[in-house]
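Text of input.cif, listed as mmCIF, C-alpha atoms:
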data_query
loop_
_atom_site.group_PDB
_atom_site.id
_atom_site.type_symbol
_atom_site.label_atom_id
_atom_site.label_comp_id
_atom_site.auth_asym_id
_atom_site.auth_seq_id
_atom_site.Cartn_x
_atom_site.Cartn_y
_atom_site.Cartn_z
ATOM 1 C CA MET Y 925 -35.671 84.926 37.766
ATOM 2 C CA THR Y 926 -33.894 83.679 34.641
ATOM 3 C CA GLU Y 927 -32.772 87.221 33.952
ATOM 4 C CA TRP Y 928 -31.017 87.448 37.301
ATOM 5 C CA ILE Y 929 -29.235 84.123 36.715
ATOM 6 C CA ILE Y 930 -28.027 85.360 33.311
ATOM 7 C CA ILE Y 931 -26.887 88.676 34.812
ATOM 8 C CA PHE Y 932 -25.012 86.941 37.640
ATOM 9 C CA LEU Y 933 -23.270 84.398 35.388
ATOM 10 C CA SER Y 934 -22.245 86.919 32.732
ATOM 11 C CA THR Y 935 -20.980 89.393 35.350
ATOM 12 C CA VAL Y 936 -18.791 86.830 37.093
ATOM 13 C CA GLY Y 937 -17.480 85.544 33.749
ATOM 14 C CA ALA Y 938 -16.669 89.013 32.472
ATOM 15 C CA LEU Y 939 -14.897 89.870 35.739
ATOM 16 C CA PHE Y 940 -12.757 86.724 35.465
ATOM 17 C CA ILE Y 941 -11.821 87.579 31.874
ATOM 18 C CA PHE Y 942 -10.975 91.152 32.917
ATOM 19 C CA LEU Y 943 -8.787 89.973 35.810
ATOM 20 C CA ALA Y 944 -6.981 87.599 33.453
ATOM 21 C CA ALA Y 945 -6.305 90.467 31.049
ATOM 22 C CA VAL Y 946 -4.938 92.627 33.884
ATOM 23 C CA GLY Y 947 -2.728 89.716 34.959
ATOM 24 C CA LEU Y 948 -1.437 89.278 31.433
ATOM 25 C CA VAL Y 949 -0.312 92.896 31.356
ATOM 26 C CA ARG Y 950 0.996 93.183 34.919
ATOM 27 C CA MET Y 951 2.823 89.889 35.554
ATOM 28 C CA PRO Y 952 6.618 90.092 35.257
ATOM 29 C CA ASP Y 953 7.363 86.734 33.656
ATOM 30 C CA PHE Y 954 6.121 84.610 30.785
ATOM 31 C CA TYR Y 955 5.531 81.537 32.943
ATOM 32 C CA LEU Y 956 3.593 83.536 35.528
ATOM 33 C CA ARG Y 957 1.529 85.072 32.741
ATOM 34 C CA VAL Y 958 0.555 81.678 31.352
ATOM 35 C CA SER Y 959 -0.160 80.290 34.803
ATOM 36 C CA VAL Y 960 -2.352 83.232 35.770
ATOM 37 C CA THR Y 961 -4.304 83.790 32.591
ATOM 38 C CA ARG Y 962 -5.084 80.294 31.354
ATOM 39 C CA LYS Y 963 -7.290 79.109 34.183
ATOM 40 C CA ALA Y 964 -9.062 82.444 34.691
ATOM 41 C CA VAL Y 965 -9.922 82.897 31.024
ATOM 42 C CA THR Y 966 -11.174 79.325 30.700
ATOM 43 C CA LEU Y 967 -13.461 79.737 33.714
ATOM 44 C CA GLY Y 968 -14.705 83.151 32.567
ATOM 45 C CA VAL Y 969 -15.534 82.098 29.019
ATOM 46 C CA GLY Y 970 -17.202 78.955 30.374
ATOM 47 C CA LEU Y 971 -19.445 81.037 32.644
ATOM 48 C CA VAL Y 972 -20.404 83.433 29.829
ATOM 49 C CA LEU Y 973 -21.258 80.473 27.587
ATOM 50 C CA VAL Y 974 -23.393 78.939 30.360
ATOM 51 C CA SER Y 975 -25.265 82.235 30.629
ATOM 52 C CA ALA Y 976 -25.959 82.100 26.877
ATOM 53 C CA ALA Y 977 -27.271 78.554 27.270
ATOM 54 C CA THR Y 978 -29.509 79.713 30.129
ATOM 55 C CA TYR Y 979 -30.902 82.527 27.995
ATOM 56 C CA PHE Y 980 -31.833 80.415 24.961
ATOM 57 C CA ASN Y 981 -33.141 77.450 27.009
ATOM 58 C CA ASP Y 982 -33.022 75.067 24.042
ATOM 59 C CA ILE Y 983 -31.537 71.613 23.673
ATOM 60 C CA SER Y 984 -29.608 72.367 20.475
ATOM 61 C CA VAL Y 985 -27.987 75.498 21.945
ATOM 62 C CA THR Y 986 -27.226 73.732 25.225
ATOM 63 C CA SER Y 987 -25.531 70.834 23.449
ATOM 64 C CA ARG Y 988 -23.493 73.276 21.360
ATOM 65 C CA VAL Y 989 -22.408 75.182 24.468
ATOM 66 C CA THR Y 990 -21.527 71.917 26.235
ATOM 67 C CA ALA Y 991 -19.389 70.913 23.250
ATOM 68 C CA ILE Y 992 -17.554 74.259 23.293
ATOM 69 C CA ILE Y 993 -16.926 74.086 27.053
ATOM 70 C CA LEU Y 994 -15.692 70.481 26.894
ATOM 71 C CA PHE Y 995 -13.402 71.375 24.021
ATOM 72 C CA LEU Y 996 -12.038 74.390 25.923
ATOM 73 C CA PHE Y 997 -11.431 72.342 29.066
ATOM 74 C CA LEU Y 998 -9.621 69.673 27.049
ATOM 75 C CA THR Y 999 -7.471 71.883 24.851
ATOM 76 C CA ALA Y 1000 -6.563 74.841 27.079
ATOM 77 C CA PRO Y 1001 -4.152 72.939 29.406
ATOM 78 C CA VAL Y 1002 -2.592 71.141 26.430
ATOM 79 C CA ALA Y 1003 -1.987 74.403 24.585
ATOM 80 C CA ALA Y 1004 -0.540 76.076 27.691
ATOM 81 C CA HIS Y 1005 1.791 73.129 28.346
ATOM 82 C CA VAL Y 1006 3.011 72.979 24.740
ATOM 83 C CA ILE Y 1007 3.713 76.704 24.445
ATOM 84 C CA THR Y 1008 5.452 76.781 27.842
ATOM 85 C CA ARG Y 1009 7.635 73.830 26.827
ATOM 86 C CA ALA Y 1010 8.609 75.650 23.629
ATOM 87 C CA ALA Y 1011 9.338 78.788 25.664
ATOM 88 C CA TYR Y 1012 11.640 76.900 28.049
ATOM 89 C CA PHE Y 1013 13.508 75.231 25.220
ATOM 90 C CA THR Y 1014 13.992 78.474 23.299
ATOM 91 C CA GLY Y 1015 15.554 80.028 26.370
ATOM 92 C CA THR Y 1016 12.937 82.328 27.872
ATOM 93 C CA LYS Y 1017 14.291 83.572 31.174
ATOM 94 C CA LEU Y 1018 12.536 83.197 34.499
ATOM 95 C CA TRP Y 1019 11.755 86.164 36.723
ATOM 96 C CA LYS Y 1020 14.802 87.069 38.775
ATOM 97 C CA LYS Y 1021 12.858 86.675 42.036
ATOM 98 C CA SER Y 1022 11.679 83.156 41.144
ATOM 99 C CA ILE Y 1023 13.074 80.754 43.699
ATOM 100 C CA ILE Y 1024 12.902 77.296 42.190
ATOM 101 C CA ASP Y 1025 13.613 75.898 38.708
ATOM 102 C CA ASP Y 1026 13.097 72.155 38.639
ATOM 103 C CA LEU Y 1027 14.448 71.636 35.118
ATOM 104 C CA LYS Y 1028 17.690 73.522 35.666
ATOM 105 C CA GLY Y 1029 20.341 70.825 35.238
ATOM 106 C CA ARG Y 1030 18.256 68.357 33.295
ATOM 107 C CA TYR Y 1031 17.802 70.274 30.049
ATOM 108 C CA GLN Y 1032 20.305 69.197 27.420
ATOM 109 C CA ASP Y 1033 21.163 71.992 25.051
ATOM 110 C CA LYS Y 1034 22.551 69.826 22.236
ATOM 111 C CA THR Y 1035 19.670 67.489 21.610
ATOM 112 C CA ILE Y 1036 16.862 69.784 22.837
ATOM 113 C CA SER Y 1037 15.311 67.255 25.154
ATOM 114 C CA LEU Y 1038 15.066 66.548 28.825
ATOM 115 C CA GLU Y 1039 17.261 63.957 30.489
ATOM 116 C CA GLU Y 1040 14.550 61.410 31.180
ATOM 117 C CA GLU Y 1041 13.142 61.608 27.681
ATOM 118 C CA GLU Y 1042 16.497 60.874 26.101
ATOM 119 C CA GLU Y 1043 17.073 57.876 28.333
ATOM 120 C CA GLY Y 1044 13.635 56.585 27.483
ATOM 121 C CA ILE Y 1045 13.892 56.994 23.706
ATOM 122 C CA ASN Y 1046 17.530 56.576 22.705
ATOM 123 C CA SER Y 1047 18.908 54.841 25.793
ATOM 124 C CA SER Y 1048 22.414 55.931 24.796
ATOM 125 C CA PRO Y 1049 23.843 56.454 28.329
ATOM 126 C CA SER Y 1050 22.807 53.000 29.467
ATOM 127 C CA GLU Y 1051 24.366 51.455 26.340
ATOM 128 C CA LYS Y 1052 27.619 53.276 27.017
ATOM 129 C CA LYS Y 1053 27.607 52.037 30.581
ATOM 130 C CA ALA Y 1054 26.923 48.499 29.398
ATOM 131 C CA SER Y 1055 29.761 48.615 26.848
ATOM 132 C CA LYS Y 1056 32.147 49.979 29.480
ATOM 133 C CA SER Y 1057 31.195 47.262 31.919
ATOM 134 C CA LYS Y 1058 31.731 44.704 29.182
ATOM 135 C CA GLU Y 1059 35.145 46.133 28.300
ATOM 136 C CA THR Y 1060 36.542 46.347 31.798
ATOM 137 C CA PRO Y 1061 36.263 42.746 33.055
ATOM 138 C CA PRO Y 1062 38.486 41.126 30.320
ATOM 139 C CA GLU Y 1063 41.285 43.597 31.079
ATOM 140 C CA GLN Y 1064 41.104 42.672 34.726
ATOM 141 C CA ASP Y 1065 41.187 39.012 33.741
ATOM 142 C CA SER Y 1066 44.243 39.522 31.498
ATOM 143 C CA SER Y 1067 46.072 41.457 34.230
ATOM 144 C CA ARG Y 1068 45.397 38.669 36.633
ATOM 145 C CA MET N 1368 -32.676 98.325 33.469
ATOM 146 C CA SER N 1369 -33.474 95.439 31.206
ATOM 147 C CA LEU N 1370 -31.190 92.527 30.437
ATOM 148 C CA TYR N 1371 -30.193 93.866 27.028
ATOM 149 C CA GLU N 1372 -29.201 97.267 28.416
ATOM 150 C CA TYR N 1373 -27.166 95.598 31.150
ATOM 151 C CA LEU N 1374 -25.337 93.405 28.638
ATOM 152 C CA ASN N 1375 -24.813 96.311 26.245
ATOM 153 C CA TYR N 1376 -23.605 98.916 28.728
ATOM 154 C CA ILE N 1377 -21.762 96.898 31.381
ATOM 155 C CA ILE N 1378 -20.691 93.466 30.153
ATOM 156 C CA MET N 1379 -19.563 94.414 26.654
ATOM 157 C CA PRO N 1380 -17.368 97.347 27.847
ATOM 158 C CA ILE N 1381 -15.669 95.067 30.410
ATOM 159 C CA LEU N 1382 -14.908 92.497 27.719
ATOM 160 C CA SER N 1383 -13.725 95.195 25.304
ATOM 161 C CA VAL N 1384 -11.363 96.724 27.856
ATOM 162 C CA SER N 1385 -9.910 93.285 28.616
ATOM 163 C CA LEU N 1386 -9.443 92.738 24.859
ATOM 164 C CA LEU N 1387 -7.566 96.055 24.691
ATOM 165 C CA LEU N 1388 -5.316 95.063 27.609
ATOM 166 C CA ILE N 1389 -4.474 91.755 25.924
ATOM 167 C CA PHE N 1390 -3.742 93.652 22.714
ATOM 168 C CA ILE N 1391 -1.272 95.849 24.640
ATOM 169 C CA ARG N 1392 0.575 92.684 25.647
ATOM 170 C CA LEU N 1393 0.521 91.567 22.003
ATOM 171 C CA LEU N 1394 2.205 94.833 21.029
ATOM 172 C CA ILE N 1395 4.859 95.099 23.745
ATOM 173 C CA GLY N 1396 5.527 91.409 24.411
ATOM 174 C CA PRO N 1397 9.277 91.060 24.836
ATOM 175 C CA GLU N 1398 9.497 87.558 23.385
ATOM 176 C CA ILE N 1399 7.627 85.796 20.622
ATOM 177 C CA VAL N 1400 5.959 83.347 23.021
ATOM 178 C CA ASP N 1401 4.276 86.269 24.817
ATOM 179 C CA ARG N 1402 2.759 87.309 21.509
ATOM 180 C CA VAL N 1403 1.604 83.768 20.814
ATOM 181 C CA ILE N 1404 -0.161 83.491 24.158
ATOM 182 C CA ALA N 1405 -1.688 86.964 23.715
ATOM 183 C CA LEU N 1406 -3.049 85.968 20.300
ATOM 184 C CA ASP N 1407 -4.543 82.836 21.807
ATOM 185 C CA LEU N 1408 -6.180 84.840 24.593
ATOM 186 C CA ILE N 1409 -7.581 87.374 22.110
ATOM 187 C CA ILE N 1410 -9.394 84.562 20.313
ATOM 188 C CA THR N 1411 -10.624 83.106 23.613
ATOM 189 C CA CYS N 1412 -11.959 86.525 24.699
ATOM 190 C CA GLY N 1413 -13.637 86.807 21.315
ATOM 191 C CA LEU N 1414 -15.456 83.605 22.230
ATOM 192 C CA GLY N 1415 -17.009 85.320 25.250
ATOM 193 C CA ILE N 1416 -17.884 88.397 23.186
ATOM 194 C CA ILE N 1417 -19.588 86.189 20.598
ATOM 195 C CA ALA N 1418 -21.623 84.493 23.343
ATOM 196 C CA VAL N 1419 -22.800 87.847 24.773
ATOM 197 C CA TYR N 1420 -23.536 89.173 21.300
ATOM 198 C CA SER N 1421 -25.640 86.134 20.497
ATOM 199 C CA ILE N 1422 -27.738 86.910 23.585
ATOM 200 C CA ILE N 1423 -28.119 90.570 22.581
ATOM 201 C CA THR N 1424 -29.163 89.863 18.992
ATOM 202 C CA ASN N 1425 -31.146 86.711 19.926
ATOM 203 C CA GLN N 1426 -29.322 84.610 17.321
ATOM 204 C CA PRO N 1427 -27.972 81.261 18.579
ATOM 205 C CA THR N 1428 -26.313 80.573 15.207
ATOM 206 C CA TYR N 1429 -23.307 82.644 16.271
ATOM 207 C CA LEU N 1430 -22.272 79.928 18.710
ATOM 208 C CA ASP N 1431 -21.168 77.728 15.769
ATOM 209 C CA ILE N 1432 -18.553 80.348 14.923
ATOM 210 C CA ALA N 1433 -17.439 80.289 18.560
ATOM 211 C CA MET N 1434 -16.789 76.533 18.317
ATOM 212 C CA ILE N 1435 -14.693 76.919 15.168
ATOM 213 C CA LEU N 1436 -12.756 79.805 16.723
ATOM 214 C CA ALA N 1437 -11.875 77.661 19.751
ATOM 215 C CA LEU N 1438 -10.507 75.001 17.391
ATOM 216 C CA ILE N 1439 -8.463 77.571 15.466
ATOM 217 C CA ALA N 1440 -6.967 79.020 18.666
ATOM 218 C CA PHE N 1441 -5.775 75.605 19.846
ATOM 219 C CA LEU N 1442 -4.331 74.667 16.437
ATOM 220 C CA GLY N 1443 -2.578 78.021 16.129
ATOM 221 C CA THR N 1444 -0.873 77.727 19.507
ATOM 222 C CA VAL N 1445 0.287 74.162 18.864
ATOM 223 C CA ALA N 1446 1.597 75.061 15.404
ATOM 224 C CA PHE N 1447 3.486 78.095 16.727
ATOM 225 C CA SER N 1448 5.175 76.105 19.482
ATOM 226 C CA TYR N 1449 6.046 73.270 17.055
ATOM 227 C CA PHE N 1450 7.754 75.667 14.690
ATOM 228 C CA LEU N 1451 9.547 77.448 17.542
ATOM 229 C CA ILE N 1452 11.092 74.160 18.678
ATOM 230 C CA LYS N 1453 11.900 73.229 15.069
ATOM 231 C CA LYS N 1454 13.620 76.576 14.483
ATOM 232 C CA LYS N 1455 15.730 76.051 17.593
ATOM 233 C CA LYS N 1456 16.714 72.561 16.391
ATOM 234 C CA ASN N 1457 17.700 73.845 12.953
ATOM 235 C CA SER N 1458 19.847 76.598 14.452
ATOM 236 C CA LYS N 1459 21.577 73.970 16.584
ATOM 237 C CA ASP N 1460 22.344 71.765 13.585
ATOM 238 C CA ASP N 1461 23.998 74.573 11.586
#

Please render this file's structure as structure tokens.
Amino acid sequence: MTEWIIIFLSTVGALFIFLAAVGLVRMPDFYLRVSVTRKAVTLGVGLVLVSAATYFNDISVTSRVTAIILFLFLTAPVAAHVITRAAYFTGTKLWKKSIIDDLKGRYQDKTISLEEEEEGINSSPSEKKASKSKETPPEQDSSR
Amino acid sequence: MSLYEYLNYIIMPILSVSLLLIFIRLLIGPEIVDRVIALDLIITCGLGIIAVYSIITNQPTYLDIAMILALIAFLGTVAFSYFLIKKKKNSKDD
């Protein structure tokens, strides 16, 4: 019975890893590659690790496997997000058949940051607006 | 067919072929970020291979190495992306 559970879990995990590898080779775009492979590889490796925990049937091994799976589930999305952000900022092109690009006008090439981030940290545009609004009323008053 | 034969003759070849496919992407990747993600996936596939190998050889000690490898993969990806952004910033300043 345990043998069949191990066989099932390891087969499904290995198939997920294999499909992720095929997707990494066949996908046309870097962003599609990351999006396809990350989730599949995390699920596949998690299933293979669960099969190892089922085979040993020991508390120390199970806790180790749980730690590895938790760590993978925490770090894999962070790593994918960080590397994709670096790819967008260094100018990796999208696939030519991709329809939508949400960051298209909002990426500022000089300061290497998005629009919202710069407003949040430096708040330079709002200061400029405030100084302009302070400058304009006295002129109006003097003209009047 | 026993469990060990199944793992040896079916699961390990599937994982090895997927490792080879990822290595092809590491070789031909058009940009450097493709190579970074392929390197990360090679380490993550190695995690699965280590888990299967620990079942075959009946040695649960190998799973410690799997934990450390997961840590190294994450740190490597973050460091690569940090230096990519830093390189872009330096080229903008010049």

For this session: Could you please select, counting all atoms listed in the file, the residues of chain N within 6 Å of chain Y and state them as a VMD selection string?
Result: chain N and resid 1385 1388 to 1389 1392 1415 1418 1434 1448 1452

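Look at N:Leu1414: the protein and nucleic acid residues within 8 Å of it, using only C-alpha atoms and passing over chain neighbours fewer than 2 places away, are Val969 of chain Y; Ile1410, Thr1411, Cys1412, Ile1416, Ile1417, Ala1418, Ala1433, Leu1436 and Ala1437 of chain N.
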
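Atom CA of Y:Phe997 lies 15.6 Å from atom CA of N:Val1445.
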
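Atom CA of N:Asp1401 is found 20.0 Å from atom CA of N:Leu1438.
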
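Separating atom CA of N:Thr1444 from atom CA of Y:Ser959 is a distance of 15.5 Å.
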
For this session: Give as a ChimeraX atom specification each residue that has an atom at most 10 Å from (-4.4, 85.9, 18.8) in the file, counting all atoms listed in the file.
Result: /N:1389-1390,1393,1402-1413,1439-1440,1443-1444

Problem set entry | Polymer residues at most 8 Å from stretch 1371-1373 of chain N, all atoms listed in the file, same-chain spacing of 4 or more positions, as a PyMOL selection string | (chain Y and resi 931) or (chain N and resi 1377-1378+1423)

Please, could you write that set of residues out with C-alpha atoms as a compact mmCIF listing (two decimals), in the coordinates of the input?
# COMPACT_ATOMS: atom_id res chain seq x y z
CA ILE Y 931 -26.89 88.68 34.81
CA ILE N 1377 -21.76 96.90 31.38
CA ILE N 1378 -20.69 93.47 30.15
CA ILE N 1423 -28.12 90.57 22.58

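Proximity of N:Leu1430, N:Ile1391, N:Val1419, N:Val1400 to N:Phe1447, computed with all atoms listed in the file, is greatest for N:Val1400.
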
Exercise. So which one's closest to Y:Lys1021, Y:Val960, Y:Pro952, Y:Leu933, Y:Thr926? Using all atoms listed in the file, please.
Worked result: Y:Pro952
